[in-house]
Structure formats: C-alpha cells, structure tokens
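Here is the structure we will look at.
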Amino acid sequence: MNGIPVGILGTGKYSPERRLTNQDLEAMVDTNDEWIVSRTGIRERRIAAPHEATSDLAYEASVKALEAAGITADQLDLIIVATITPDMFFPSTACLVQERLGAKNAAAFDLSAACSGFIYGLANASGFIAMGTYKYVLVVGADTLSRITDYTDRNTCVLFGDGAGAVVLGQVPEGRGFKSFKLGADGAGGNLLCIRGGGSRMPATAESVEAKHHFLYMNGRDVFKFAVRVMGSAAEDVLEQAGLTKQDIDLLIPHQANIRIIQAALDRLEVPEEKCVINVDRYGNMSAASIPVALAEAVEQGRVKEGDKLVLVGFGGGLTWGASTIVW
C-alpha cells in the first residue's frame with residue numbers, strides 16, 4: 001500500500017453480561033445442544049440488556065481502544081461504526097458514539113456491509129490516514145442482533161449474539177501496518193440474507209410486523225456455500241497482493257459465523273487451528289463485531305506479537321466479503 005504506513009494502535013471489546021446458552025434455547029424453540037454444536041460450533045451467545053443499544057456497546061469498546069492506543073477522544077479525526085443494527089435510522093450510531101465519547105473534533109458516519117462491515121471500515125479508515133487527510137481514526141464493529149432475531153425460528157435464532165469491538169488506526173513505523181485489502185460484493189445474492197421490512201421498499205405497517213418482515217431472514221444453505229467459497233479465496237487474494245504466502249500467516253482472524261465455515265477456510269489455506277482465533281463457541285455470530293472482538297481477545301491473550309503477519313477475513317449480507325493483511 002502506498003502513502004503513510006497505517007496500522008492498529010489499540011484494540012477494545014465489549015460483551016453484554018447476559019449469556020444465552022444452548023440449554024436456554026432448548027426451552028424456547030425445538031432444538032437441542034448437540035444439534036447446535038454439531039452444525040455451528042456455538043454453545044452460548046451474549047445478549048444486550050433491555051437498556052443497551054448498539055451505541056452503548058460501541059461506546060464501551062471504543063473507550064478501551066482509546067485507552068490501549070494512548071490517545072484521548074478529542075484527538076480523533078473520524079469515527080466509523082460498522083453496523084446493521086443502528087440505534088435508529090438517523091442520526092448515525094457513529095454520531096451518538098462521538099457525542100458520548102466527547103470526540104468533538106471527529107467526523108462520524110455509519111457503514112452498512114453486514115458481517116463484512118469491520119473490514120470495509122478498516123479499508124476506508126486506512127485510506128484517509130495513508131493520504132494524510134486524518135491522523136487518528138476510530139473504527140467500530142457493533143451489532144445487537146438479538147433485536148432482529150426471530151426466537152421462534154429454530155434455524156436462525158441459534159446463530160446470533162450481541163457485542164462490539166473497536167480499534168484506533170494511525171501511523172505506524174515503516175514496514176508495519178496494513179499491506180493489502182480485498183473488498184467484494186454480489187448484490188444478486190442480496191435476498192439470501194436480509195431484513196425485508198422497515199425501509200422505503202416496505203415501510204413498517206401492522207401487516208409487515210405480523211408477517212415478521214422486520215426480523216432477519218437467511219437462506220442458510222446458499223449462504224453457507226457462498227461463505228465457504230469466498231472466505232478462502234479472499235484470504236488468498238490479499239496474501240498475493242501483499243507478496244505473502246499461506247505459510248507466512250502467523251494468525252488468521254476469520255468472521256465467527258460457523259465453525260464448519262472456519263474449518264473449510266483453514267483447510268484451503270493449509271493453516272493449523274492453533275494459528276486461528278476461534279471464539280464462535282462463546283459468542284455466536286455478532287456480525288460486524290465478530291472480527292474486532294476476536295482480534296481484541298487475541299491481543300489480550302498475548303497471541304499477537306510485534307512483526308506477526310495477520311489475515312482478517314469475513315463475509316456477510318449484501319452479499320459482501322472483505323479481507324486484509326497486516327504486519328503487527
């Protein structure tokens with residue numbers, strides 16, 4: 001990548017206290033722990049408290065990221081929040097986070113790319129810094145999927161949870177930082193993973209609510225096929241762009257949607273499981289929050305060392321995908 005070298009200066013995460021276990025779901029819908037674990041790898045997920053919205057989760061993660069980066073909120077030039085569950089249509093969740101942080105000098109906007117949103121946000125932020133437009137950018141992935149999940153649908157309600165992860169981007173020494181990005185989209189598959197109601201196409205009505213059009217809909221079989229194909233290929237693309245090989249990967253941080261999708265990516269990339277961050281068993285799919293939460297956990301656990309080569313890769317509704325390589 002050209003311009004100022006850009007990297008991650010600090011990470012942070014936030015998980016709601018409440019745990020929704022597979023045993024809890026057994027009492028709510030026709031499912032069981034063995035079925036869920038064997039097909040998804042998920043054992044529990046976090047659920048936001050009634051008073052918590054996406055901006056609350058994003059704020060908590062952002063405070064930790066700023067502290068880790070050693071900068072104050074008023075030093076931020078830009079805040080990007082990747083989310084598909086904003087507090088409201090507008091103002092943006094990013095503006096709500098800006099106000100609560102006291103980041104009075106920062107521009108702010110939301111980004112909608114579903115589970116790929118965090119990677120999309122990193123690409124945008126790094127471009128602003130590499131060009132010299134901004135010095136410090138906060139990128140947040142935050143979602144409260146429990147608010148758009150139909151807990152009578154056994155096929156989807158077992159998959160999703162709530163959380164937020166954040167990073168502060170800025171200039172890093174030469175040779176470090178982001179080396180490549182790959183973003184992609186296939187709008188022809190948009191109907192495979194969506195919320196049909198609530199927008200200008202289908203405004204909220206008593207009928208749309210009754211028909212459950214305001215809950216998340218997913219064609220699981222086709223999304224699975226798409227994810228298995230695109231996760232590996234996107235990772236291979238960014239490795240090639242960066243002049244790296246599969247053997248150079250020190251740590252793979254994939255989107256945490258399903259353990260079988262992650263394992264398929266590991267097989268294709270010939271990466272052993274010990275070089276991959278896997279926390280889907282404890283959080284489920286948190287959409288845009290999955291990758292930054294996994295990254296923050298890896299940093300906390302000392303799994304990321306200076307000079308390590310990381311690959312971040314995800315996929316989501318849209319359909320979208322994104323990947324990046326970074327030298328820590």
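Residue numbering restarts at 1 in every chain; chains get A, B, ... in the order shown in the structure tokens, and ligands count up from 1 in that same order.
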
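Close contacts of stretch 117-122 of chain A, defined as residues with an atom at most 7 Å away when counting only C-alpha atoms, with chain neighbours fewer than 5 positions off set aside, comprise A:Ile80, A:Ala82, A:Thr83, A:Leu111, A:Ser112, A:Val139, A:Val140, A:Gly141, A:Leu183, A:Ala288, A:Gly322, A:Ala323.
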
Exercise. Please provide the set of residues having any atom within 12 Å of A:Trp328, restricted to only C-alpha atoms, with same-chain residues fewer than 4 positions apart removed, written as JSON, numbers by chain.
Key: {"A": [5, 6, 7, 8, 9, 10, 172, 173, 174, 175, 176, 177, 178, 179, 249, 250, 251, 295, 299, 303, 304, 305, 306, 307, 308, 309, 310, 311]}

Quiz item: What gap, in Å, lies between atom CA of A:Ala265 and atom CA of A:Gly232?
Solution: 5.0 Å

Quiz item: Looking at only C-alpha atoms, which of A:Leu25, A:Leu169, A:Leu266, A:Ile71 is the one that sits closest to A:Ser126?
Solution: A:Leu169

Exercise. Report the residues of stretch 167-286 of chain A whose backbone DSSP state falls under helix (DSSP H, G or I), written as a PyMOL selection string.
Key: chain A and resi 187-192+206-210+220-241+246-248+259-269+273-275+280-283

Print the selection's residues with C-alpha atoms to a file, as a PDB file, in the first residue's frame.
ATOM      1  CA  GLY A 187     -25.852  -7.824  -4.960  1.00  0.00           C
ATOM      2  CA  ALA A 188     -27.515 -10.664  -6.872  1.00  0.00           C
ATOM      3  CA  GLY A 189     -27.429 -12.604  -3.598  1.00  0.00           C
ATOM      4  CA  GLY A 190     -28.905  -9.809  -1.523  1.00  0.00           C
ATOM      5  CA  ASN A 191     -32.168 -11.691  -0.992  1.00  0.00           C
ATOM      6  CA  LEU A 192     -30.356 -14.596   0.669  1.00  0.00           C
ATOM      7  CA  ALA A 206     -49.241  -3.664  11.184  1.00  0.00           C
ATOM      8  CA  GLU A 207     -49.228  -6.217   8.358  1.00  0.00           C
ATOM      9  CA  SER A 208     -45.414  -6.176   7.935  1.00  0.00           C
ATOM     10  CA  VAL A 209     -44.939  -6.672  11.659  1.00  0.00           C
ATOM     11  CA  GLU A 210     -47.476  -9.503  11.728  1.00  0.00           C
ATOM     12  CA  GLY A 220     -28.770 -20.847   5.320  1.00  0.00           C
ATOM     13  CA  ARG A 221     -27.800 -23.420   2.702  1.00  0.00           C
ATOM     14  CA  ASP A 222     -26.894 -20.906  -0.028  1.00  0.00           C
ATOM     15  CA  VAL A 223     -25.166 -18.503   2.379  1.00  0.00           C
ATOM     16  CA  PHE A 224     -23.073 -21.412   3.674  1.00  0.00           C
ATOM     17  CA  LYS A 225     -21.952 -22.323   0.146  1.00  0.00           C
ATOM     18  CA  PHE A 226     -21.088 -18.694  -0.590  1.00  0.00           C
ATOM     19  CA  ALA A 227     -19.149 -18.309   2.658  1.00  0.00           C
ATOM     20  CA  VAL A 228     -17.065 -21.446   2.188  1.00  0.00           C
ATOM     21  CA  ARG A 229     -16.100 -20.310  -1.311  1.00  0.00           C
ATOM     22  CA  VAL A 230     -15.354 -16.668  -0.602  1.00  0.00           C
ATOM     23  CA  MET A 231     -13.535 -16.899   2.759  1.00  0.00           C
ATOM     24  CA  GLY A 232     -10.618 -18.846   1.344  1.00  0.00           C
ATOM     25  CA  SER A 233     -10.423 -17.012  -1.977  1.00  0.00           C
ATOM     26  CA  ALA A 234     -10.491 -13.541  -0.365  1.00  0.00           C
ATOM     27  CA  ALA A 235      -7.705 -14.539   2.016  1.00  0.00           C
ATOM     28  CA  GLU A 236      -5.637 -15.891  -0.874  1.00  0.00           C
ATOM     29  CA  ASP A 237      -6.168 -12.632  -2.794  1.00  0.00           C
ATOM     30  CA  VAL A 238      -4.850 -10.374  -0.026  1.00  0.00           C
ATOM     31  CA  LEU A 239      -1.890 -12.654   0.599  1.00  0.00           C
ATOM     32  CA  GLU A 240      -0.945 -12.444  -3.074  1.00  0.00           C
ATOM     33  CA  GLN A 241      -1.366  -8.645  -3.102  1.00  0.00           C
ATOM     34  CA  LYS A 246      -0.059 -19.187   3.207  1.00  0.00           C
ATOM     35  CA  GLN A 247       2.983 -20.260   5.189  1.00  0.00           C
ATOM     36  CA  ASP A 248       3.600 -16.640   6.233  1.00  0.00           C
ATOM     37  CA  ILE A 259     -17.174 -23.487  12.905  1.00  0.00           C
ATOM     38  CA  ARG A 260     -17.567 -25.519   9.705  1.00  0.00           C
ATOM     39  CA  ILE A 261     -17.011 -22.415   7.558  1.00  0.00           C
ATOM     40  CA  ILE A 262     -13.900 -21.551   9.574  1.00  0.00           C
ATOM     41  CA  GLN A 263     -12.574 -25.098   9.259  1.00  0.00           C
ATOM     42  CA  ALA A 264     -13.141 -25.048   5.482  1.00  0.00           C
ATOM     43  CA  ALA A 265     -11.078 -21.850   5.265  1.00  0.00           C
ATOM     44  CA  LEU A 266      -8.323 -23.391   7.382  1.00  0.00           C
ATOM     45  CA  ASP A 267      -8.197 -26.431   5.106  1.00  0.00           C
ATOM     46  CA  ARG A 268      -7.988 -24.307   1.963  1.00  0.00           C
ATOM     47  CA  LEU A 269      -5.286 -22.053   3.411  1.00  0.00           C
ATOM     48  CA  GLU A 273      -6.118 -24.477  14.025  1.00  0.00           C
ATOM     49  CA  GLU A 274      -3.646 -23.160  16.605  1.00  0.00           C
ATOM     50  CA  LYS A 275      -2.919 -20.267  14.227  1.00  0.00           C
ATOM     51  CA  VAL A 280     -17.706 -18.649  17.930  1.00  0.00           C
ATOM     52  CA  ASP A 281     -18.483 -21.161  20.691  1.00  0.00           C
ATOM     53  CA  ARG A 282     -18.765 -18.343  23.255  1.00  0.00           C
ATOM     54  CA  TYR A 283     -20.281 -15.524  21.216  1.00  0.00           C
TER      55      TYR A 283
END

Exercise. Enumerate the residues of stretch 83-196 of chain A with a DSSP assignment of strand (DSSP E or B), computed from the backbone, and present them as a ChimeraX atom specification.
Key: /A:107-111,137-144,160,162-171,177-185,193-194

Self-check item: Two-atom distance - atom CA of A:Ala185, atom CA of A:Gly318 (Å)
Solution: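 Separation between atom CA of A:Ala185 and atom CA of A:Gly318: 6.6 Å.
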
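Using only C-alpha atoms, the protein and nucleic acid residues lying no more than 7 Å from stretch 85-95 of chain A, apart from those fewer than 5 places from it along its own chain, are A:Ala53, A:Thr54, A:Ser55, A:Ile79, A:Ile80, A:Ala108, A:Phe109, A:Asp110, A:Asp143, A:Thr144, A:Leu145.
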
Exercise. Write out as a ChimeraX atom specification the residues lying within 10 Å of A:Met286, counting only C-alpha atoms and excluding same-chain residues fewer than 2 positions away.
Key: /A:45-46,114-115,141-146,159-165,255-257,280,283-284,288-291,293

Selected residues written out, C-alpha atoms, as a CSV table (one decimal), in the first residue's frame:
chain,number,residue,atom,x,y,z
A,45,ARG,CA,-24.0,-16.1,22.9
A,46,ARG,CA,-24.2,-12.7,24.6
A,114,ALA,CA,-23.3,-6.6,7.4
A,115,CYS,CA,-20.7,-9.0,8.8
A,141,GLY,CA,-17.9,-3.0,14.6
A,142,ALA,CA,-21.0,-3.3,16.8
A,143,ASP,CA,-24.3,-5.1,16.5
A,144,THR,CA,-27.3,-6.1,18.7
A,145,LEU,CA,-28.6,-8.9,16.5
A,146,SER,CA,-30.9,-10.2,19.3
A,159,LEU,CA,-26.7,-18.3,15.5
A,160,PHE,CA,-26.7,-14.7,16.6
A,161,GLY,CA,-25.4,-12.7,19.5
A,162,ASP,CA,-24.6,-9.1,20.5
A,163,GLY,CA,-21.2,-7.3,21.0
A,164,ALA,CA,-18.8,-4.6,19.9
A,165,GLY,CA,-15.1,-4.4,19.0
A,255,HIS,CA,-15.5,-13.9,10.8
A,256,GLN,CA,-17.1,-16.1,13.5
A,257,ALA,CA,-20.3,-17.4,11.9
A,280,VAL,CA,-17.7,-18.6,17.9
A,283,TYR,CA,-20.3,-15.5,21.2
A,284,GLY,CA,-22.0,-16.9,18.1
A,288,ALA,CA,-19.6,-6.6,12.3
A,289,ALA,CA,-18.4,-7.1,15.8
A,290,SER,CA,-17.1,-10.7,15.3
A,291,ILE,CA,-13.7,-9.9,13.8
A,293,VAL,CA,-13.8,-8.8,19.2

Quiz prompt | Residue nearest A:Glu297 among A:Thr133, A:Asn285, A:Asn279, A:Ser116 (counting only C-alpha atoms) | solution =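 Looking at the shortest contact to A:Glu297, the residue is A:Asn279.
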
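Using only C-alpha atoms, the smallest distance between any of A:Val158, A:Val313, A:Met131, A:Ala68 and A:Met28 comes from A:Val158.
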
Quiz prompt | Residue contacts of A:Asp74 (7 Å, only C-alpha atoms) excluding same-chain residues fewer than 3 positions away, as a PyMOL selection string | solution = chain A and resi 102-105

Any chance you can output those residues with N, CA and C atoms as an mmCIF file, in the first residue's frame?
data_model
loop_
_atom_site.group_PDB
_atom_site.id
_atom_site.type_symbol
_atom_site.label_atom_id
_atom_site.label_comp_id
_atom_site.auth_asym_id
_atom_site.auth_seq_id
_atom_site.Cartn_x
_atom_site.Cartn_y
_atom_site.Cartn_z
ATOM 1 N N GLY A 102 -17.174 12.411 23.632
ATOM 2 C CA GLY A 102 -16.643 13.766 23.694
ATOM 3 C C GLY A 102 -15.616 14.007 22.597
ATOM 4 N N ALA A 103 -15.780 13.299 21.488
ATOM 5 C CA ALA A 103 -14.828 13.405 20.368
ATOM 6 C C ALA A 103 -15.247 14.568 19.462
ATOM 7 N N LYS A 104 -15.145 15.779 20.007
ATOM 8 C CA LYS A 104 -15.729 16.957 19.360
ATOM 9 C C LYS A 104 -15.053 17.337 18.050
ATOM 10 N N ASN A 105 -13.874 16.799 17.776
ATOM 11 C CA ASN A 105 -13.159 17.144 16.544
ATOM 12 C C ASN A 105 -13.323 16.099 15.443
#

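Proximity to A:Tyr217 was assessed for A:Gln75, A:Thr31, A:Thr245, A:Thr149 counting only C-alpha atoms; the smallest distance is recorded for A:Thr149.
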
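Across the structure, atom CA of A:Leu193 and atom CA of A:Thr156 are spaced 10.9 Å apart.
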
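Closest approach to A:Val29 from the set A:Ile129, A:Ile4, A:Cys157, A:Ala123 is made by A:Cys157, with distances taken over only C-alpha atoms.
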